[in-house]
>>> print(open('final_4.cif').read())   # mmCIF, C-alpha atoms and all ligand atoms
data_query
#
loop_
_atom_site.label_atom_id
_atom_site.label_comp_id
_atom_site.auth_asym_id
_atom_site.auth_seq_id
_atom_site.Cartn_x
_atom_site.Cartn_y
_atom_site.Cartn_z
CA MET A 1 92.93 79.86 104.72
CA LEU A 2 93.31 82.45 107.50
CA GLY A 3 96.71 80.92 108.34
CA ALA A 4 97.90 81.30 104.76
CA THR A 5 96.74 84.93 104.69
CA ILE A 6 98.60 85.64 107.94
CA GLU A 7 101.74 83.92 106.66
CA ARG A 8 101.71 86.13 103.57
CA GLY A 9 101.42 89.16 105.83
CA ALA A 10 98.19 90.08 104.05
CA ASP A 11 95.08 91.68 105.53
CA HIS A 12 92.98 88.95 107.18
CA LEU A 13 89.83 90.43 105.63
CA GLU A 14 91.11 88.95 102.37
CA THR A 15 90.10 85.54 103.71
CA LEU A 16 86.52 86.73 104.12
CA ARG A 17 86.55 88.19 100.64
CA ILE A 18 87.62 84.83 99.24
CA VAL A 19 84.82 83.07 101.11
CA ARG A 20 82.31 85.75 100.17
CA PRO A 21 83.41 87.86 97.21
CA GLY A 22 82.49 91.52 97.69
CA PHE A 23 82.53 91.23 101.51
CA ASP A 24 82.51 94.68 103.11
CA LEU A 25 83.23 94.90 106.82
CA ASP A 26 81.34 98.12 107.51
CA THR A 27 78.21 96.90 105.73
CA GLU A 28 78.32 93.59 107.63
CA ARG A 29 78.81 95.39 110.95
CA ARG A 30 75.82 97.60 110.33
CA ALA A 31 73.76 94.54 109.38
CA ARG A 32 74.73 92.78 112.62
CA ALA A 33 73.90 95.84 114.71
CA ALA A 34 70.52 96.14 112.97
CA ALA A 35 69.88 92.47 113.78
CA GLY A 36 70.53 93.19 117.48
CA ARG A 37 73.89 91.39 117.59
CA PRO A 38 76.47 94.19 117.26
CA ASP A 39 80.05 93.19 116.56
CA GLU A 40 81.42 94.28 119.94
CA LEU A 41 83.78 92.86 122.46
CA ARG A 42 81.93 91.68 125.59
CA PRO A 43 83.24 90.83 129.06
CA VAL A 44 82.83 87.09 128.29
CA ASP A 45 85.38 87.57 125.50
CA PHE A 46 88.19 88.38 127.95
CA HIS A 47 90.69 85.58 128.26
CA PRO A 48 90.34 84.01 131.73
CA ASP A 49 93.96 84.81 132.60
CA ALA A 50 93.55 88.53 131.86
CA ARG A 51 92.13 89.72 135.16
CA PRO A 52 94.47 87.69 137.44
CA CYS A 53 97.40 88.97 135.37
CA ILE A 54 96.27 92.59 135.71
CA ASP A 55 95.88 92.15 139.49
CA ALA A 56 99.34 90.57 139.81
CA LEU A 57 100.96 93.35 137.75
CA ARG A 58 99.27 95.97 139.93
CA ASP A 59 100.58 94.17 143.03
CA MET A 60 104.04 94.62 141.52
CA GLY A 61 103.39 98.36 141.50
CA LEU A 62 102.91 98.59 137.75
CA THR A 63 100.32 100.65 135.93
CA VAL A 64 98.36 98.49 133.52
CA GLY A 65 96.90 99.69 130.25
CA ALA A 66 95.51 98.39 126.98
CA ALA A 67 95.90 99.81 123.51
CA GLY A 68 95.04 98.34 120.14
CA ASN A 69 93.64 98.83 116.69
CA THR A 70 90.09 99.19 117.86
CA ASP A 71 87.43 101.77 118.66
CA ALA A 72 85.84 103.89 121.39
CA ALA A 73 83.31 101.18 122.35
CA THR A 74 86.13 98.73 123.14
CA GLU A 75 87.97 101.43 125.07
CA ARG A 76 84.86 101.91 127.23
CA LEU A 77 84.49 98.20 127.83
CA LEU A 78 88.11 97.84 128.95
CA ARG A 79 87.81 100.81 131.29
CA ASP A 80 84.48 99.72 132.76
CA HIS A 81 85.12 96.01 133.16
CA LEU A 82 88.83 95.71 133.77
CA GLY A 83 89.34 99.04 135.51
CA LEU A 84 92.45 99.69 133.45
CA GLU A 85 94.29 102.92 134.21
CA LEU A 86 95.30 103.65 130.62
CA VAL A 87 93.22 102.76 127.60
CA ALA A 88 93.78 103.85 124.02
CA SER A 89 92.56 102.81 120.60
CA SER A 90 93.52 103.55 117.04
CA GLY A 91 90.03 105.09 116.70
CA GLY A 92 90.66 107.48 119.58
CA LEU A 93 94.28 108.25 118.70
CA GLY A 94 93.67 108.70 115.01
CA VAL A 95 96.60 106.47 114.16
CA ALA A 96 96.86 102.67 114.03
CA LYS A 97 99.51 100.04 114.73
CA PRO A 98 102.17 99.51 113.46
CA ALA A 99 102.73 103.24 112.88
CA PRO A 100 105.48 104.63 115.14
CA ALA A 101 103.10 107.48 116.05
CA PHE A 102 100.75 104.94 117.71
CA PHE A 103 103.53 103.76 120.05
CA ALA A 104 104.77 107.30 120.69
CA ALA A 105 101.20 108.25 121.65
CA ILE A 106 101.01 105.40 124.18
CA ALA A 107 104.28 106.50 125.81
CA GLU A 108 103.02 110.06 125.98
CA LEU A 109 99.75 108.95 127.52
CA ALA A 110 101.59 106.87 130.10
CA GLY A 111 103.90 109.78 130.84
CA VAL A 112 107.00 107.57 131.09
CA GLU A 113 110.04 106.79 128.97
CA PRO A 114 109.24 104.10 126.33
CA GLY A 115 111.88 101.88 127.97
CA ARG A 116 109.68 101.70 131.09
CA ILE A 117 106.78 100.23 129.11
CA ALA A 118 106.33 96.51 128.41
CA TYR A 119 104.13 96.10 125.34
CA VAL A 120 102.41 92.72 124.96
CA GLY A 121 101.03 91.57 121.63
CA ASP A 122 100.36 88.48 119.52
CA ARG A 123 101.72 89.86 116.24
CA VAL A 124 105.36 90.28 115.31
CA ASP A 125 104.70 92.83 112.55
CA ASN A 126 102.12 94.92 114.42
CA ASP A 127 103.33 94.56 118.01
CA VAL A 128 106.84 93.20 118.59
CA GLU A 129 108.72 95.04 115.85
CA PRO A 130 107.18 98.49 116.29
CA ALA A 131 107.38 98.21 120.10
CA LEU A 132 111.10 97.42 119.82
CA ALA A 133 111.58 100.28 117.39
CA ALA A 134 109.89 102.59 119.90
CA GLY A 135 112.34 101.47 122.59
CA MET A 136 109.76 99.49 124.58
CA VAL A 137 110.14 96.09 126.18
CA ALA A 138 108.48 93.82 123.62
CA VAL A 139 106.56 90.77 124.79
CA HIS A 140 105.24 88.27 122.26
CA ILE A 141 102.32 86.13 123.37
CA ARG A 142 101.73 82.90 121.47
CA ARG A 143 97.97 83.08 121.49
CA GLY A 144 95.42 82.89 118.70
CA PRO A 145 96.16 82.42 115.00
CA TRP A 146 98.69 85.28 114.70
CA GLY A 147 100.41 84.42 117.96
CA HIS A 148 101.00 80.80 116.96
CA LEU A 149 102.04 81.49 113.38
CA HIS A 150 104.20 84.51 114.18
CA ALA A 151 105.96 82.59 116.97
CA GLU A 152 107.63 80.61 114.18
CA TRP A 153 108.93 83.75 112.46
CA PRO A 154 112.66 84.29 113.08
CA GLU A 155 111.87 87.95 113.93
CA ALA A 156 109.90 86.78 116.99
CA ALA A 157 113.23 85.98 118.66
CA ALA A 158 113.92 89.72 118.93
CA ALA A 159 111.19 90.09 121.58
CA HIS A 160 112.52 90.62 125.10
CA LEU A 161 110.05 88.02 126.36
CA ARG A 162 108.02 85.24 124.74
CA ILE A 163 105.10 83.83 126.68
CA ASP A 164 102.33 81.32 126.10
CA SER A 165 99.86 82.74 128.59
CA LEU A 166 99.28 85.95 130.52
CA ALA A 167 99.75 83.93 133.72
CA GLU A 168 103.47 83.88 132.87
CA LEU A 169 103.78 87.63 132.44
CA PRO A 170 104.23 88.88 136.05
CA ALA A 171 107.07 86.45 136.81
CA ALA A 172 108.68 86.99 133.39
CA LEU A 173 108.68 90.76 133.87
CA SER A 174 110.09 90.46 137.41
CA ALA A 175 112.95 88.36 136.08
CA LEU A 176 113.88 90.98 133.47
CA PRO A 177 116.94 92.95 134.48
CA ASP A 178 115.96 96.47 135.44
CA GLU A 179 117.85 98.67 133.00
CA ARG A 180 117.29 101.65 135.29
CA THR A 181 119.66 100.13 137.79
CA THR A 182 122.43 101.30 135.46
CA VAL A 183 125.19 98.76 135.07
CA ARG A 184 124.53 95.08 135.43
CA LEU A 185 126.68 93.04 137.76
CA ASN A 186 128.04 90.97 134.86
CA ASP A 187 128.99 93.87 132.65
CA ASP A 188 132.68 93.47 131.68
CA GLY A 189 133.59 97.11 132.24
CA PHE A 190 131.85 97.16 135.61
CA VAL A 191 133.63 94.01 136.82
CA HIS A 192 137.01 95.27 135.64
CA ASP A 193 136.53 98.59 137.42
CA GLN A 194 135.26 96.89 140.58
CA TYR A 195 138.26 94.68 141.10
CA ALA A 196 141.14 96.74 139.71
CA SER A 197 142.09 97.10 143.39
CA THR A 198 140.85 95.49 146.62
CA ALA A 199 139.51 98.83 147.95
CA LYS A 200 135.84 98.60 146.87
CA LEU A 201 135.52 94.99 147.95
CA GLU A 202 137.06 95.80 151.34
CA THR A 203 134.66 98.75 151.85
CA ARG A 204 131.73 96.40 151.32
CA ILE A 205 133.08 93.53 153.42
CA ALA A 206 133.67 95.93 156.34
CA VAL A 207 129.95 96.60 157.00
CA TRP A 208 129.03 92.98 157.71
CA GLN A 209 128.77 91.99 161.36
CA PRO A 210 130.00 88.61 162.61
CA ALA A 211 127.24 85.98 162.53
CA ALA A 212 126.58 83.46 165.30
CA PRO A 213 129.20 80.68 165.15
CA GLY A 214 128.38 78.24 162.38
CA ARG A 215 125.84 80.60 160.78
CA SER A 216 128.01 82.73 158.54
CA PRO A 217 128.06 81.74 154.85
CA GLN A 218 131.78 81.01 155.16
CA ASP A 219 131.23 78.74 158.21
CA VAL A 220 128.49 76.83 156.39
CA ALA A 221 130.69 76.56 153.28
CA ILE A 222 133.65 75.21 155.26
CA ALA A 223 131.45 72.60 156.98
CA ARG A 224 130.01 71.42 153.65
CA LEU A 225 133.47 71.29 152.06
CA ALA A 226 134.94 69.45 155.06
CA ALA A 227 132.30 66.73 154.60
CA CYS A 228 134.04 65.91 151.28
CA ALA A 229 137.53 65.80 152.80
CA PRO A 230 139.06 67.35 149.67
CA ALA A 231 142.70 66.80 148.79
CA ARG A 232 142.60 69.53 146.11
CA LEU A 233 140.29 72.52 146.08
CA LEU A 234 139.80 75.26 143.48
CA GLU A 235 138.50 78.69 144.43
CA VAL A 236 137.36 80.91 141.58
CA GLY A 237 137.08 84.65 142.24
CA PRO A 238 138.91 84.53 145.61
CA GLY A 239 139.08 88.34 145.92
CA THR A 240 141.47 89.16 148.76
CA GLY A 241 142.13 85.43 149.31
CA ALA A 242 140.84 85.31 152.91
CA PHE A 243 138.55 82.34 152.31
CA ALA A 244 141.15 80.45 150.25
CA GLU A 245 143.55 80.80 153.19
CA ARG A 246 140.88 79.59 155.59
CA CYS A 247 140.23 76.53 153.39
CA ARG A 248 143.91 75.65 153.34
CA THR A 249 144.23 75.96 157.14
CA GLN A 250 140.96 74.34 158.17
CA LEU A 251 140.58 71.70 155.47
CA ARG A 252 144.33 70.96 155.27
CA CYS A 253 144.14 70.63 151.52
CA GLU A 254 145.94 72.04 148.51
CA VAL A 255 144.18 75.20 147.36
CA VAL A 256 144.46 76.70 143.87
CA ALA A 257 142.86 80.07 143.19
CA LEU A 258 141.90 81.69 139.90
CA ASP A 259 140.69 85.26 139.48
CA SER A 260 140.23 87.54 136.47
CA SER A 261 141.79 90.46 138.35
CA ALA A 262 145.60 90.60 138.52
CA GLU A 263 145.33 92.62 141.72
CA MET A 264 143.17 89.96 143.42
CA VAL A 265 145.61 87.28 142.29
CA ARG A 266 148.43 89.31 143.82
CA ALA A 267 146.53 89.68 147.13
CA THR A 268 145.72 85.95 147.23
CA ALA A 269 149.25 84.87 146.29
CA ALA A 270 150.59 87.14 149.08
CA ARG A 271 148.94 84.69 151.49
CA GLY A 272 151.00 81.85 150.05
CA ILE A 273 148.16 80.46 147.94
CA THR A 274 148.84 79.30 144.37
CA ALA A 275 146.89 81.87 142.39
CA ILE A 276 146.58 82.55 138.68
CA VAL A 277 144.83 85.05 136.46
CA GLY A 278 142.05 83.43 134.44
CA ASP A 279 138.38 83.31 133.57
CA VAL A 280 136.00 80.87 135.22
CA ALA A 281 134.27 80.45 131.85
CA GLY A 282 137.44 78.85 130.41
CA LEU A 283 139.30 77.05 133.18
CA PRO A 284 142.89 76.07 132.31
CA PHE A 285 142.57 72.73 134.11
CA ALA A 286 142.00 69.14 133.04
CA ALA A 287 138.70 67.35 133.67
CA GLY A 288 138.32 65.96 137.18
CA GLU A 289 141.39 67.70 138.65
CA PHE A 290 139.69 68.94 141.83
CA ASP A 291 137.62 67.36 144.60
CA CYS A 292 135.88 70.60 145.53
CA ALA A 293 135.38 74.08 144.11
CA VAL A 294 134.27 77.35 145.66
CA ALA A 295 132.65 80.33 143.91
CA ALA A 296 131.79 82.92 146.57
CA TRP A 297 129.83 85.99 145.47
CA MET A 298 131.32 85.81 142.00
CA LEU A 299 129.06 83.88 139.60
CA TYR A 300 126.77 86.91 139.17
CA HIS A 301 129.74 88.71 137.60
CA VAL A 302 130.16 86.19 134.79
CA PRO A 303 128.61 87.07 131.41
CA ASP A 304 128.49 83.46 130.20
CA LEU A 305 127.18 81.92 133.37
CA ASP A 306 126.09 78.57 131.96
CA THR A 307 129.54 77.94 130.48
CA ALA A 308 131.17 78.91 133.79
CA ILE A 309 129.00 76.46 135.75
CA ALA A 310 129.71 73.74 133.14
CA GLU A 311 133.44 74.45 133.50
CA LEU A 312 133.27 74.12 137.29
CA ALA A 313 131.47 70.78 136.90
CA ARG A 314 134.05 69.62 134.34
CA VAL A 315 137.12 70.22 136.52
CA LEU A 316 135.54 68.37 139.46
CA ALA A 317 136.09 64.65 139.89
CA PRO A 318 132.97 62.43 139.81
CA GLY A 319 131.13 63.00 143.09
CA GLY A 320 132.96 66.32 143.49
CA ARG A 321 131.30 69.30 145.17
CA LEU A 322 130.85 72.95 144.25
CA VAL A 323 129.97 75.44 146.98
CA ALA A 324 128.61 78.67 145.55
CA ILE A 325 127.61 81.66 147.66
CA THR A 326 125.38 84.53 146.58
CA ASN A 327 122.70 86.91 147.84
CA GLY A 328 118.92 87.06 147.52
CA ASP A 329 116.78 89.75 145.94
CA GLU A 330 115.97 91.05 149.42
CA HIS A 331 119.62 91.70 150.24
CA LEU A 332 119.97 95.10 151.99
CA ARG A 333 116.30 95.85 151.42
CA GLU A 334 116.24 98.49 154.19
CA LEU A 335 119.11 100.37 152.57
CA TYR A 336 117.46 100.38 149.15
CA ALA A 337 114.09 101.30 150.68
CA ALA A 338 115.74 104.29 152.36
CA VAL A 339 116.88 105.63 148.99
CA GLY A 340 113.88 104.45 146.97
CA GLY A 341 116.09 102.38 144.67
CA THR A 342 116.79 98.80 143.72
CA LYS A 343 119.87 96.66 143.99
CA LEU A 344 121.75 95.77 140.83
CA ALA A 345 120.11 93.01 138.82
CA SER A 346 121.72 89.63 139.52
CA SER A 347 121.94 86.70 137.13
CA PHE A 348 122.87 84.28 139.92
CA SER A 349 120.85 84.81 143.08
CA ARG A 350 119.23 82.95 145.97
CA GLU A 351 116.08 82.80 143.85
CA ASN A 352 117.47 81.67 140.49
CA GLY A 353 120.76 79.92 141.38
CA ALA A 354 119.54 76.37 142.04
CA ALA A 355 117.91 76.01 138.62
CA GLN A 356 121.11 77.11 136.89
CA LEU A 357 123.32 74.77 138.90
CA ALA A 358 120.94 71.86 138.35
CA ARG A 359 121.72 71.92 134.63
CA HIS A 360 125.23 70.63 135.37
CA PHE A 361 125.05 69.05 138.83
CA ALA A 362 123.15 65.96 139.96
CA ARG A 363 122.05 67.41 143.29
CA VAL A 364 121.75 70.97 144.58
CA ASP A 365 121.08 72.05 148.17
CA ARG A 366 120.17 75.62 149.06
CA ILE A 367 120.91 76.99 152.51
CA ASP A 368 119.44 80.45 153.20
CA LEU A 369 121.10 82.44 155.96
CA GLU A 370 120.70 85.83 157.56
CA ALA A 371 123.23 88.60 157.87
CA ARG A 372 123.41 92.06 159.39
CA ALA A 373 125.11 95.10 157.96
CA VAL A 374 125.76 98.17 160.09
CA PHE A 375 126.47 101.53 158.50
CA ALA A 376 128.00 103.72 161.21
CA ASP A 377 126.81 106.92 159.54
CA ARG A 378 125.44 108.35 156.32
CA ALA A 379 128.93 108.57 154.82
CA ALA A 380 129.49 104.84 155.37
CA ALA A 381 126.22 103.96 153.61
CA ALA A 382 127.02 106.40 150.80
CA ALA A 383 130.49 104.88 150.40
CA TYR A 384 128.94 101.40 150.15
CA LEU A 385 126.52 102.43 147.39
CA ALA A 386 129.27 104.36 145.60
CA THR A 387 131.42 101.22 145.35
CA LEU A 388 128.61 99.79 143.19
CA GLY A 389 128.41 102.86 140.98
CA GLN A 390 125.14 103.88 142.67
CA GLU A 391 126.19 107.43 143.56
CA GLU A 392 122.78 108.72 142.45
CA LEU A 393 121.09 106.58 145.09
CA ALA A 394 123.72 107.53 147.66
CA ALA A 395 122.79 111.19 147.17
CA ARG A 396 119.25 110.36 148.28
CA LEU A 397 120.31 108.88 151.63
CA PRO A 398 118.63 110.59 154.57
CA ASP A 399 120.74 111.75 157.49
CA PHE A 400 120.67 109.29 160.36
CA SER A 401 121.81 109.96 163.88
CA GLU A 402 121.97 106.28 164.92
CA PRO A 403 123.94 103.65 162.99
CA PHE A 404 121.77 102.30 160.16
CA VAL A 405 121.14 98.56 160.20
CA ALA A 406 120.20 96.56 157.12
CA SER A 407 119.66 92.84 156.67
CA GLY A 408 121.58 90.67 154.27
CA ALA A 409 120.18 87.63 152.46
CA PRO A 410 123.14 85.31 151.82
CA THR A 411 122.58 81.84 150.41
CA VAL A 412 125.00 78.93 150.16
CA PHE A 413 124.41 76.45 147.34
CA VAL A 414 125.98 73.00 147.63
CA ALA A 415 126.06 71.28 144.24
CA ASP A 416 127.29 67.71 143.85
CA ARG A 417 128.44 66.10 140.64
CA ALA A 418 127.11 62.72 139.62
C1 LIG B 1 132.60 90.05 144.97
S1 LIG B 1 134.22 89.49 144.70
C2 LIG B 1 134.21 88.12 145.79
C3 LIG B 1 135.55 87.84 146.34
C4 LIG B 1 135.58 86.72 147.36
N1 LIG B 1 135.10 85.47 146.83
C5 LIG B 1 134.84 87.09 148.61
O1 LIG B 1 133.93 86.36 148.96
O2 LIG B 1 135.17 88.10 149.23
C6 LIG B 1 134.21 88.77 143.09
C7 LIG B 1 135.53 88.24 142.61
O3 LIG B 1 135.35 87.50 141.40
C8 LIG B 1 136.34 87.88 140.46
N2 LIG B 1 135.79 87.63 139.12
C9 LIG B 1 134.83 88.32 138.49
N3 LIG B 1 134.57 87.78 137.29
C10 LIG B 1 135.40 86.71 137.15
C11 LIG B 1 135.60 85.73 136.12
N4 LIG B 1 134.89 85.77 135.00
N5 LIG B 1 136.52 84.77 136.33
C12 LIG B 1 137.25 84.75 137.47
N6 LIG B 1 137.09 85.64 138.46
C13 LIG B 1 136.18 86.61 138.33
C14 LIG B 1 136.61 89.34 140.78
O4 LIG B 1 137.85 89.78 140.27
C15 LIG B 1 136.55 89.32 142.31
O5 LIG B 1 137.79 88.98 142.89
#
>>> encode(input="final_4.cif", output="structure tokens")
Amino acid sequence: MLGATIERGADHLETLRIVRPGFDLDTERRARAAAGRPDELRPVDFHPDARPCIDALRDMGLTVGAAGNTDAATERLLRDHLGLELVASSGGLGVAKPAPAFFAAIAELAGVEPGRIAYVGDRVDNDVEPALAAGMVAVHIRRGPWGHLHAEWPEAAAAHLRIDSLAELPAALSALPDERTTVRLNDDGFVHDQYASTAKLETRIAVWQPAAPGRSPQDVAIARLAACAPARLLEVGPGTGAFAERCRTQLRCEVVALDSSAEMVRATAARGITAIVGDVAGLPFAAGEFDCAVAAWMLYHVPDLDTAIAELARVLAPGGRLVAITNGDEHLRELYAAVGGTKLASSFSRENGAAQLARHFARVDRIDLEARAVFADRAAAAAYLATLGQEELAARLPDFSEPFVASGAPTVFVADRA
């Protein structure tokens, strides 16, 4: 009966009125209190995953709060037993969910832009929709009668995140792209601007110091490609074409390169490599044409990543090998720590790459390496950040008298087709 009431979007108290005509909540509450069993939330009512979730969110540096259509007694309980930094109730605020004023009040209390707040709730009508309207990150939790029934509503799909338990929340929030970090690496306009010429790419490549022999990502990639003895190799996103040229010389195979930037195609072709303009998400090649493929520091630029990976698998012969290179979340951590910022969100990283490749490849190996960047002076570090559109962060760079060293976190994925 409760389910039917929820589905109709009606007040759940209607159910009680059907069971007991004339039911009045306030009267019943008073009666319970008089009987010594007040209708109050108690610490035993907390879901067991609540406290570990709060601790994990705090470890991530987040401020954790709770707000709902409830009263001052519940506010007190949440403050006293969960030690929450921010607690609010409709009783205290004088306005209840789903009113926009309720969500505006939470943002004001938190003292941050609504976009910096993730709002978790079990109801689509009372939580997800008004949180989205307020500009917050909306998280729908499939818990309890509303959570389960509302999860089936088409509107639930609008939530930024959908979880089944609070235990999932810290990881799910970490995986969300940080909108503060301005452009995302796979934004079309950003990618176009990045590679209209080779200049930005060359500025970035210049800071990396040579690794010990055999330990650079390119050395590891060559060794893993050589093990396949390819006759025909495709490189997507070759940039200046340096690695494509190395493949041709060291692997003695035919190399075809494809890049979305006409300028990169020109630079690669100037090395005598067959190069064409194209998109990795729609490769103009027949199935099984290549023995090996290379995608070095480029998959995070592709908006439709799953299609791109499927395309790379398609153009490889059975047993063919893709070598994909990317960076980890910790890449250049010292540089970003120095400016108090974060690196651009990446859809294909050391941390999340293997799972994405495994959807289209039978076997995926991950080889984590180390790298060292040296910025000769403040201007060099500022120039690096500026190539990524992070001029704001560059302005926060301290002066340094010695060259500034930062560590890289490159990873080579080796993915084999069945
Ligand atoms: C960071 S650069 C890497 C260049 C080179 N692989 C290297 O390691 O120096 C990324 C390259 O991918 C290309 N690219 C970006 N999106 C692409 C797409 N959807 N299809 C093909 N190439 C793309 C860019 O034009 C650029 O040349």
>>> residues_near_ligand(input="final_4.cif", ligand="ligand LIG 1 (chain B)", cutoff="6 Å", atoms="only C-alpha atoms and all ligand atoms", output="CSV table (one decimal) with C-alpha atoms, in the frame of the given file")
chain,number,residue,atom,x,y,z
A,195,TYR,CA,138.3,94.7,141.1
A,236,VAL,CA,137.4,80.9,141.6
A,237,GLY,CA,137.1,84.6,142.2
A,238,PRO,CA,138.9,84.5,145.6
A,239,GLY,CA,139.1,88.3,145.9
A,259,ASP,CA,140.7,85.3,139.5
A,260,SER,CA,140.2,87.5,136.5
A,261,SER,CA,141.8,90.5,138.4
A,264,MET,CA,143.2,90.0,143.4
A,278,GLY,CA,142.0,83.4,134.4
A,279,ASP,CA,138.4,83.3,133.6
A,280,VAL,CA,136.0,80.9,135.2
A,296,ALA,CA,131.8,82.9,146.6
A,297,TRP,CA,129.8,86.0,145.5
A,298,MET,CA,131.3,85.8,142.0
A,301,HIS,CA,129.7,88.7,137.6
A,302,VAL,CA,130.2,86.2,134.8
>>> residues_around(input="final_4.cif", residues="A:Thr274", least_positions_apart="6", cutoff="12 Å", atoms="all atoms listed in the file", output="PyMOL selection string")
chain A and resi 232-236+238+241+244-245+248+254-259+265-268
>>> closest_residue(input="final_4.cif", among="A:Ile54, A:Val323, A:Val405, A:Ala313", to="A:Ala227", atoms="all atoms listed in the file")
A:Val323
>>> residues_near_point(input="final_4.cif", point="(132.4, 60.3, 136.1)", cutoff="12 Å", atoms="only C-alpha atoms", output="list in words")
Ala287, Gly288, Glu289, Ala313, Arg314, Val315, Leu316, Ala317, Pro318, Gly319, Gly320, Phe361, Ala362, Asp416, Arg417 and Ala418 of chain A
>>> atom_distance(input="final_4.cif", atom1="atom CA of A:Gly121", atom2="atom CA of A:Leu344")
28.6 Å
>>> closest_residue(input="final_4.cif", among="A:Val364, A:Asp164, A:His150, A:Tyr336", to="A:Ala382", atoms="only C-alpha atoms")
A:Tyr336
>>> axis_aligned_box(input="final_4.cif", around="stretch 170-175 of chain A", padding_each_side="5 Å", output="lines of an AutoDock Vina configuration file")
center_x = 108.6
center_y = 88.6
center_z = 135.4
size_x = 18.7
size_y = 14.3
size_z = 14.0
>>> residues_around(input="final_4.cif", residues="A:Leu299", least_positions_apart="2", cutoff="10 Å", atoms="only C-alpha atoms", output="list of chain:residue names")
A:Leu185, A:Asn186, A:Val236, A:Gly237, A:Val280, A:Ala281, A:Ala295, A:Ala296, A:Trp297, A:His301, A:Val302, A:Pro303, A:Asp304, A:Leu305, A:Asp306, A:Ala308, A:Ile309, A:Ala324, A:Ile325, A:Thr326, A:Ser346, A:Ser347, A:Phe348, A:Ser349, A:Gly353
>>> residues_around(input="final_4.cif", residues="A:Arg162", least_positions_apart="6", cutoff="6 Å", atoms="all atoms listed in the file", output="VMD selection string")
chain A and resid 139 to 141
>>> residues_near_point(input="final_4.cif", point="(92.5, 98.4, 120.1)", cutoff="8 Å", atoms="only C-alpha atoms", output="list in words")
Ala66, Ala67, Gly68, Asn69, Thr70, Asp71, Thr74, Glu75, Ala88, Ser89, Ser90 and Gly91 of chain A
>>> closest_residue(input="final_4.cif", among="A:Ala379, A:Ala386, A:Leu109, A:Ile117", to="A:Pro403", atoms="only C-alpha atoms")
A:Ala379
>>> closest_residue(input="final_4.cif", among="A:Ala355, A:Gln250, A:Ala212, A:Arg123", to="A:Ala159", atoms="only C-alpha atoms")
A:Arg123
>>> build_atoms(input="final_4.cif", residues="stretch 138-150 of chain A", atoms="N, CA and C atoms", output="compact mmCIF listing (two decimals), keeping the file's coordinate frame")
# COMPACT_ATOMS: atom_id res chain seq x y z
N ALA A 138 109.46 94.51 124.46
CA ALA A 138 108.48 93.82 123.62
C ALA A 138 108.22 92.41 124.14
N VAL A 139 106.94 92.10 124.32
CA VAL A 139 106.56 90.77 124.79
C VAL A 139 105.67 90.13 123.73
N HIS A 140 106.09 88.96 123.24
CA HIS A 140 105.24 88.27 122.26
C HIS A 140 104.47 87.17 122.96
N ILE A 141 103.15 87.19 122.78
CA ILE A 141 102.32 86.13 123.37
C ILE A 141 101.85 85.20 122.25
N ARG A 142 102.12 83.90 122.47
CA ARG A 142 101.73 82.90 121.47
C ARG A 142 100.29 82.50 121.75
N ARG A 143 99.40 83.31 121.22
CA ARG A 143 97.97 83.08 121.49
C ARG A 143 97.19 83.44 120.24
N GLY A 144 96.24 82.60 119.88
CA GLY A 144 95.42 82.89 118.70
C GLY A 144 96.20 82.61 117.42
N PRO A 145 95.52 82.78 116.27
CA PRO A 145 96.16 82.42 115.00
C PRO A 145 97.46 83.17 114.73
N TRP A 146 97.47 84.50 114.96
CA TRP A 146 98.69 85.28 114.70
C TRP A 146 99.79 84.87 115.68
N GLY A 147 99.41 84.75 116.93
CA GLY A 147 100.41 84.42 117.96
C GLY A 147 101.13 83.13 117.63
N HIS A 148 100.37 82.09 117.25
CA HIS A 148 101.00 80.80 116.96
C HIS A 148 101.83 80.83 115.69
N LEU A 149 101.29 81.45 114.65
CA LEU A 149 102.04 81.49 113.38
C LEU A 149 103.26 82.40 113.47
N HIS A 150 103.08 83.57 114.09
CA HIS A 150 104.20 84.51 114.18
C HIS A 150 105.29 84.00 115.13
